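Data from target-v6.txt: compact mmCIF, C-alpha atoms
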# COMPACT_ATOMS: atom_id res chain seq x y z
CA VAL A 1131 164.28 148.93 135.75
CA GLY A 1132 165.10 151.17 132.83
CA THR A 1133 166.58 153.78 135.16
CA TYR A 1134 169.67 154.63 137.20
CA GLN A 1135 170.45 157.00 140.05
CA VAL A 1136 173.81 158.64 140.78
CA ILE A 1137 172.99 160.52 144.01
CA SER A 1138 173.64 158.89 147.35
CA GLY A 1139 170.81 159.00 149.84
CA ALA A 1140 168.14 159.92 147.30
CA SER A 1141 164.69 159.98 148.91
CA SER A 1142 162.42 159.78 145.87
CA SER A 1143 162.07 157.64 142.76
CA SER A 1144 161.65 160.89 140.87
CA LEU A 1145 165.41 161.30 141.18
CA CYS A 1146 165.99 158.13 139.17
CA LEU A 1147 167.08 158.95 135.63
CA ALA A 1148 165.79 157.12 132.57
CA CYS A 1149 168.32 155.14 130.55
CA PRO A 1150 168.86 157.02 127.27
CA ALA A 1151 167.65 155.96 123.86
CA GLY A 1152 169.74 153.16 122.40
CA THR A 1153 170.00 151.42 125.75
CA PHE A 1154 167.93 149.33 128.17
CA GLN A 1155 168.20 148.26 131.76
CA THR A 1156 166.56 145.16 133.22
CA GLY A 1157 167.79 145.33 136.82
CA SER A 1158 167.33 147.56 139.81
CA GLY A 1159 169.72 149.61 141.90
CA VAL A 1160 171.86 150.80 139.01
CA ALA A 1161 174.05 153.72 139.99
CA GLN A 1162 175.55 154.89 136.72
CA ALA A 1163 174.41 155.52 133.16
CA SER A 1164 177.08 152.99 132.16
CA GLY A 1165 174.91 150.38 133.84
CA CYS A 1166 172.37 150.82 131.04
CA SER A 1167 173.11 148.14 128.41
CA LYS A 1168 173.53 149.25 124.82
CA CYS A 1169 171.33 147.79 122.11
CA ALA A 1170 173.47 145.35 120.12
CA ALA A 1171 174.79 145.88 116.59
CA GLY A 1172 171.99 145.39 114.08
CA THR A 1173 169.44 146.96 116.41
CA PHE A 1174 168.38 150.39 117.67
CA SER A 1175 165.99 151.88 120.17
CA THR A 1176 164.18 155.21 120.27
CA TRP A 1177 162.84 154.44 123.74
CA VAL A 1178 163.98 156.39 126.77
CA GLY A 1179 163.89 154.27 129.93
CA ALA A 1180 163.66 150.96 128.08
CA SER A 1181 163.57 148.01 130.45
CA PHE A 1182 163.81 145.05 128.05
CA VAL A 1183 166.21 143.99 125.31
CA SER A 1184 163.10 143.48 123.22
CA ASN A 1185 162.73 147.27 123.21
CA CYS A 1186 165.68 147.27 120.79
CA SER A 1187 164.26 147.02 117.26
CA GLN A 1188 166.09 145.12 114.54
CA CYS A 1189 167.34 146.86 111.40
CA ARG A 1190 164.88 146.21 108.60
CA LEU A 1191 165.45 143.86 105.68
CA GLY A 1192 168.09 145.09 103.24
CA THR A 1193 170.01 146.99 105.92
CA TYR A 1194 172.60 146.43 108.65
CA SER A 1195 174.24 148.30 111.51
CA THR A 1196 177.73 147.70 112.90
CA GLY A 1197 177.56 149.86 116.03
CA SER A 1198 175.88 149.34 119.38
CA GLY A 1199 173.65 151.78 121.22
CA MET A 1200 172.03 153.09 118.06
CA VAL A 1201 169.04 155.41 118.60
CA THR A 1202 167.28 155.55 115.22
CA ALA A 1203 166.49 153.38 112.19
CA SER A 1204 168.34 155.84 109.97
CA ILE A 1205 171.59 154.49 111.43
CA CYS A 1206 170.93 151.19 109.64
CA LEU A 1207 172.92 151.19 106.39
CA GLU A 1208 171.64 149.74 103.13
CA CYS A 1209 173.24 146.59 101.74
CA THR A 1210 175.43 147.67 98.85
CA SER A 1211 175.07 146.87 95.14
CA GLY A 1212 175.45 143.20 94.30
CA ARG A 1213 174.12 142.17 97.71
CA TYR A 1214 170.83 141.76 99.56
CA GLY A 1215 169.71 141.38 103.16
CA SER A 1216 166.98 138.79 103.65
CA ARG A 1217 167.16 138.73 107.47
CA LEU A 1218 166.39 141.34 110.13
CA GLY A 1219 169.05 142.70 112.42
CA LEU A 1220 172.16 142.23 110.29
CA SER A 1221 175.25 143.51 112.08
CA SER A 1222 177.86 143.83 109.31
CA ALA A 1223 178.14 144.50 105.58
CA SER A 1224 179.31 140.93 105.06
CA ASP A 1225 176.02 139.68 106.52
CA CYS A 1226 174.40 140.97 103.32
CA SER A 1227 174.34 138.01 100.92
CA LEU A 1228 176.00 138.19 97.51
CA CYS A 1229 173.86 137.90 94.39
CA GLY A 1230 174.51 134.51 92.83
CA LEU A 1231 176.10 133.36 89.60
CA GLY A 1232 174.36 134.54 86.45
CA THR A 1233 172.88 137.58 88.18
CA PHE A 1234 173.69 141.20 89.02
CA GLN A 1235 172.20 144.02 91.04
CA SER A 1236 173.07 147.70 90.66
CA GLY A 1237 170.78 149.00 93.41
CA SER A 1238 171.20 149.12 97.19
CA GLY A 1239 169.02 148.03 100.07
CA MET A 1240 167.76 144.92 98.28
CA GLN A 1241 165.85 142.50 100.48
CA GLY A 1242 166.00 139.15 98.67
CA ALA A 1243 167.72 137.03 96.04
CA ASP A 1244 164.72 137.56 93.78
CA GLN A 1245 165.82 141.19 93.41
CA CYS A 1246 169.09 140.09 91.79
CA LEU A 1247 168.56 140.48 88.03
CA LEU A 1248 169.38 137.75 85.54
CA CYS A 1249 172.11 138.25 82.96
CA SER A 1250 170.42 138.61 79.57
CA ALA A 1251 170.41 136.11 76.71
CA GLY A 1252 173.74 135.92 74.94
CA THR A 1253 175.66 136.50 78.17
CA PHE A 1254 176.72 134.72 81.35
CA SER A 1255 178.33 135.53 84.70
CA THR A 1256 180.80 133.37 86.61
CA GLY A 1257 181.15 135.63 89.67
CA TYR A 1258 179.17 136.45 92.80
CA GLY A 1259 178.05 139.95 93.78
CA ILE A 1260 178.11 141.41 90.28
CA ILE A 1261 176.93 145.04 90.34
CA SER A 1262 176.25 145.79 86.65
CA SER A 1263 174.87 144.10 83.54
CA SER A 1264 178.08 145.13 81.80
CA ALA A 1265 179.88 142.59 83.98
CA CYS A 1266 177.85 139.79 82.35
CA VAL A 1267 180.23 138.29 79.80
CA MET A 1268 179.10 137.97 76.19
CA CYS A 1269 179.20 134.57 74.50
CA GLY A 1270 182.08 134.53 72.07
CA LYS A 1271 182.18 134.44 68.29
CA GLY A 1272 180.83 131.27 66.74
CA SER A 1273 178.26 130.77 69.49
CA TYR A 1274 174.93 131.99 70.87
CA GLN A 1275 172.85 131.67 74.02
CA THR A 1276 169.05 131.85 74.30
CA GLY A 1277 168.45 131.69 78.07
CA LEU A 1278 168.66 134.08 81.02
CA GLY A 1279 170.91 133.86 84.06
CA MET A 1280 173.55 131.61 82.57
CA THR A 1281 176.60 130.90 84.73
CA SER A 1282 179.31 129.61 82.38
CA SER A 1283 180.71 129.86 78.88
CA ALA A 1284 179.68 126.22 78.59
CA ASP A 1285 176.09 127.50 78.47
CA CYS A 1286 176.86 129.17 75.13
CA THR A 1287 175.87 126.92 72.21
CA LEU A 1288 178.22 126.60 69.25
CA CYS A 1289 176.88 127.45 65.82
CA GLY A 1290 176.43 124.23 63.89
CA ALA A 1291 178.38 122.81 60.97
CA GLY A 1292 177.65 124.64 57.74
CA THR A 1293 177.46 127.98 59.54
CA PHE A 1294 179.70 130.62 61.09
CA GLN A 1295 179.24 133.62 63.37
CA THR A 1296 181.53 136.65 63.52
CA GLY A 1297 179.98 138.58 66.44
CA SER A 1298 179.67 138.09 70.19
CA GLY A 1299 176.70 138.13 72.56
CA ARG A 1300 174.34 136.52 70.04
CA THR A 1301 170.98 135.24 71.29
CA SER A 1302 169.72 132.80 68.65
CA SER A 1303 170.82 130.15 66.16
CA ALA A 1304 169.33 132.48 63.56
CA ASN A 1305 172.37 134.69 64.20
CA CYS A 1306 174.62 131.96 62.79
CA ASP A 1307 175.29 132.75 59.10
CA LEU A 1308 175.04 130.01 56.49
CA CYS A 1309 178.02 129.15 54.34
CA VAL A 1310 177.14 130.31 50.82
CA ALA A 1311 176.25 127.95 47.99
CA GLY A 1312 179.28 126.15 46.61
CA THR A 1313 180.95 125.91 50.02
CA PHE A 1314 180.70 123.70 53.08
CA GLN A 1315 181.88 123.71 56.69
CA THR A 1316 182.23 120.52 58.74
CA THR A 1317 182.86 121.78 62.29
CA SER A 1318 180.87 123.63 64.93
CA GLY A 1319 181.71 127.07 66.27
CA ALA A 1320 183.23 128.59 63.13
CA THR A 1321 183.97 132.29 63.55
CA ALA A 1322 184.53 133.53 59.96
CA ALA A 1323 183.26 133.06 56.42
CA GLY A 1324 186.76 131.88 55.53
CA SER A 1325 186.03 128.73 57.52
CA CYS A 1326 183.67 127.65 54.74
CA SER A 1327 185.59 125.55 52.17
CA ALA A 1328 184.82 125.59 48.45
CA CYS A 1329 183.61 122.42 46.72
CA SER A 1330 186.55 120.79 44.96
CA ALA A 1331 187.22 121.20 41.23
CA GLY A 1332 184.67 119.37 39.13
CA LYS A 1333 181.98 119.76 41.76
CA TYR A 1334 179.45 122.38 42.76
CA GLY A 1335 176.90 123.05 45.47
CA THR A 1336 173.44 124.51 44.98
CA GLY A 1337 172.41 125.07 48.59
CA SER A 1338 173.72 127.20 51.43
CA GLY A 1339 174.75 125.95 54.86
CA MET A 1340 176.23 122.67 53.63
CA ALA A 1341 177.99 120.73 56.38
CA ASP A 1342 179.68 117.95 54.39
CA PRO A 1343 181.76 117.85 51.21
CA SER A 1344 179.69 114.86 50.07
CA THR A 1345 176.84 117.28 49.41
CA CYS A 1346 178.89 118.86 46.61
CA LEU A 1347 177.57 117.53 43.28
CA ALA A 1348 179.72 116.32 40.41
CA CYS A 1349 179.49 118.21 37.15
CA VAL A 1350 177.47 116.31 34.58
CA THR A 1351 179.09 114.58 31.60
CA GLY A 1352 180.37 117.03 29.01
CA THR A 1353 180.94 119.88 31.50
CA TYR A 1354 183.74 120.88 33.82
CA GLN A 1355 184.38 123.14 36.78
CA SER A 1356 187.90 124.30 37.46
CA VAL A 1357 187.48 126.55 40.52
Just dump the structure as structure tokens.
Amino acid sequence: VGTYQVISGASSSSLCLACPAGTFQTGSGVAQASGCSKCAAGTFSTWVGASFVSNCSQCRLGTYSTGSGMVTASICLECTSGRYGSRLGLSSASDCSLCGLGTFQSGSGMQGADQCLLCSAGTFSTGYGIISSSACVMCGKGSYQTGLGMTSSADCTLCGAGTFQTGSGRTSSANCDLCVAGTFQTTSGATAAGSCSACSAGKYGTGSGMADPSTCLACVTGTYQSV
């Protein structure tokens, strides 16, 4: 086993040739090197004269190999950015799993889903296999998002009534600006200061961030307010 012999009438086992690295041979009486079986894709063998398939070592975690008969671990290729390999002996690039929604990974050769990084607060990701944090989408104007690894625009929270927000990618309700005193705003998710409406003539407002016109106070007797 682990050898072959191409000469007819050979009189000594010393004339038997060892199967080359990257192969193995479990039987006897093999007459050609082609009778040595190649290690399968996803494996390799540095052994000369290997006699068992178990002599073929699997590519390590985070790598794969598409060819057969490989002779060294360096032939195993790293899983590309946005992917990871959590099993030994992967035999194609597609065997490397994609990082999930809300995550990204810019490195190669990653070995587990825990090495996929979470999109930061104020952003989300709806795709698999994202390779850069820049691919995490920012929450839009009028909203914010406090958590990590969000997977949908629905995870972005609208700024409340009485406020507005002109930027994107905001991470806190504190980023929502209050409508100034004398104005109010009744809806959520306002994106501009112009969304804040002035108290009607004859009324005024003393506080900021008012969410209802009923909070506008009437001018006292003997005074007026025209704007």
To one decimal place in Å, what is the distance between atom CA of A:Phe1174 and atom CA of A:Cys1229?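 A separation of 27.0 Å between them.
In this structure, atom CA of A:Gly1212 sits 11.7 Å away from atom CA of A:Ser1224.
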Taking into account all atoms listed in the file, which residue in the set A:Cys1206, A:Leu1228, A:Asp1342, A:Gln1155 is nearest to A:Ser1184?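 Result for the nearest residue to A:Ser1184: A:Gln1155.
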- Do a neighbour search on stretch 1242-1245 of chain A at 10 Å with all atoms listed in the file, toss out local chain neighbours closer than 6 positions, and write the hits as a list in words. Leu1191, Gly1192, Gly1212, Arg1213, Tyr1214, Gly1215, Ser1216, Arg1217, Cys1226, Ser1227, Leu1228, Cys1229, Gly1230, Thr1233, Phe1234 and Gln1235 of chain A
Next on the checklist: So the first atom is atom CA of A:Ser1250 and the second is atom CA of A:Gly1279; what is the distance between them in Å, to one decimal place?
Outcome noted: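 Going from atom CA of A:Ser1250 over to atom CA of A:Gly1279, I get 6.6 Å.
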- Message: Here's a test: counting all atoms listed in the file, identify every protein, DNA and RNA residue with an atom at most 12 Å from (175.2, 129.6, 66.8) in the file's coordinate frame, and state them as a ChimeraX atom specification.
- Response: /A:1252,1269-1276,1285-1308,1317-1321
Pull C-alpha atoms from the residues just selected and write them as a short mmCIF file (atom, residue, chain, number, x, y, z; two decimals), keeping the file's coordinate frame.
data_model
loop_
_atom_site.label_atom_id
_atom_site.label_comp_id
_atom_site.auth_asym_id
_atom_site.auth_seq_id
_atom_site.Cartn_x
_atom_site.Cartn_y
_atom_site.Cartn_z
CA GLY A 1252 173.74 135.92 74.94
CA CYS A 1269 179.20 134.57 74.50
CA GLY A 1270 182.08 134.53 72.07
CA LYS A 1271 182.18 134.44 68.29
CA GLY A 1272 180.83 131.27 66.74
CA SER A 1273 178.26 130.77 69.49
CA TYR A 1274 174.93 131.99 70.87
CA GLN A 1275 172.85 131.67 74.02
CA THR A 1276 169.05 131.85 74.30
CA ASP A 1285 176.09 127.50 78.47
CA CYS A 1286 176.86 129.17 75.13
CA THR A 1287 175.87 126.92 72.21
CA LEU A 1288 178.22 126.60 69.25
CA CYS A 1289 176.88 127.45 65.82
CA GLY A 1290 176.43 124.23 63.89
CA ALA A 1291 178.38 122.81 60.97
CA GLY A 1292 177.65 124.64 57.74
CA THR A 1293 177.46 127.98 59.54
CA PHE A 1294 179.70 130.62 61.09
CA GLN A 1295 179.24 133.62 63.37
CA THR A 1296 181.53 136.65 63.52
CA GLY A 1297 179.98 138.58 66.44
CA SER A 1298 179.67 138.09 70.19
CA GLY A 1299 176.70 138.13 72.56
CA ARG A 1300 174.34 136.52 70.04
CA THR A 1301 170.98 135.24 71.29
CA SER A 1302 169.72 132.80 68.65
CA SER A 1303 170.82 130.15 66.16
CA ALA A 1304 169.33 132.48 63.56
CA ASN A 1305 172.37 134.69 64.20
CA CYS A 1306 174.62 131.96 62.79
CA ASP A 1307 175.29 132.75 59.10
CA LEU A 1308 175.04 130.01 56.49
CA THR A 1317 182.86 121.78 62.29
CA SER A 1318 180.87 123.63 64.93
CA GLY A 1319 181.71 127.07 66.27
CA ALA A 1320 183.23 128.59 63.13
CA THR A 1321 183.97 132.29 63.55
#
Pull the neighbourhood of (177.5, 134.0, 52.6) for me: all residues within 9 Å in file coordinates, counting all atoms listed in the file, as a tab-separated table (two decimals) with C-alpha atoms, in the coordinates of the input.
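The resulting file, point.tsv, is reproduced below:
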chain	number	residue	atom	x	y	z
A	1307	ASP	CA	175.29	132.75	59.10
A	1308	LEU	CA	175.04	130.01	56.49
A	1309	CYS	CA	178.02	129.15	54.34
A	1310	VAL	CA	177.14	130.31	50.82
A	1311	ALA	CA	176.25	127.95	47.99
A	1323	ALA	CA	183.26	133.06	56.42
A	1338	SER	CA	173.72	127.20	51.43
A	1339	GLY	CA	174.75	125.95	54.86
Counting all atoms listed in the file, the option among A:Gly1259, A:Gly1165, A:Gly1172, A:Gly1324 closest to A:Thr1210
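Using all atoms listed in the file, A:Thr1210 sits closest to A:Gly1259.
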Calculated over only C-alpha atoms, which of the candidates A:Thr1193, A:Ser1282, A:Val1178, A:Leu1207 has the smallest distance to A:Gln1241?
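Counting only C-alpha atoms, the residue closest to A:Gln1241 is A:Thr1193.
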Who sits within 7 Å of A:Ser1238, all atoms listed in the file, same chain under 4 positions skipped, as a VMD selection string
chain A and resid 1208 to 1211
For the selection just defined, write its residues with C-alpha atoms to a file, as a compact mmCIF listing (two decimals), in the coordinates of the input.
# COMPACT_ATOMS: atom_id res chain seq x y z
CA GLU A 1208 171.64 149.74 103.13
CA CYS A 1209 173.24 146.59 101.74
CA THR A 1210 175.43 147.67 98.85
CA SER A 1211 175.07 146.87 95.14
Closest of A:Ala1203, A:Ser1236, A:Cys1149, A:Thr1196 to A:Gly1179, counting all atoms listed in the file, is A:Cys1149
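Proximity ranking of A:Ser1283, A:Ser1344, A:Thr1336, A:Thr1176 relative to A:Ser1255 places A:Ser1283 first, based on all atoms listed in the file.
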| message | Under the rule that all atoms listed in the file are counted, which of A:Thr1345, A:Ser1325, A:Thr1281, A:Ser1195 is the nearest residue to A:Ala1171? | response |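 The answer is A:Ser1195, which sits nearest to A:Ala1171.
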Item to check | Contacts of A:Trp1177 at 8 Å (all atoms listed in the file; same-chain gap of 2+ positions) as number ranges by chain | outcome: A: 1150-1152, 1175, 1179-1180, 1185
Exercise for review: With a distance cut-off of 8 Å and only C-alpha atoms, select the neighbouring residues of A:Asp1225, excluding the residue or stretch itself and same-chain residues fewer than 4 positions from it, and output the selection as a PyMOL selection string.
Suggested key: chain A and resi 1194+1215+1220-1221
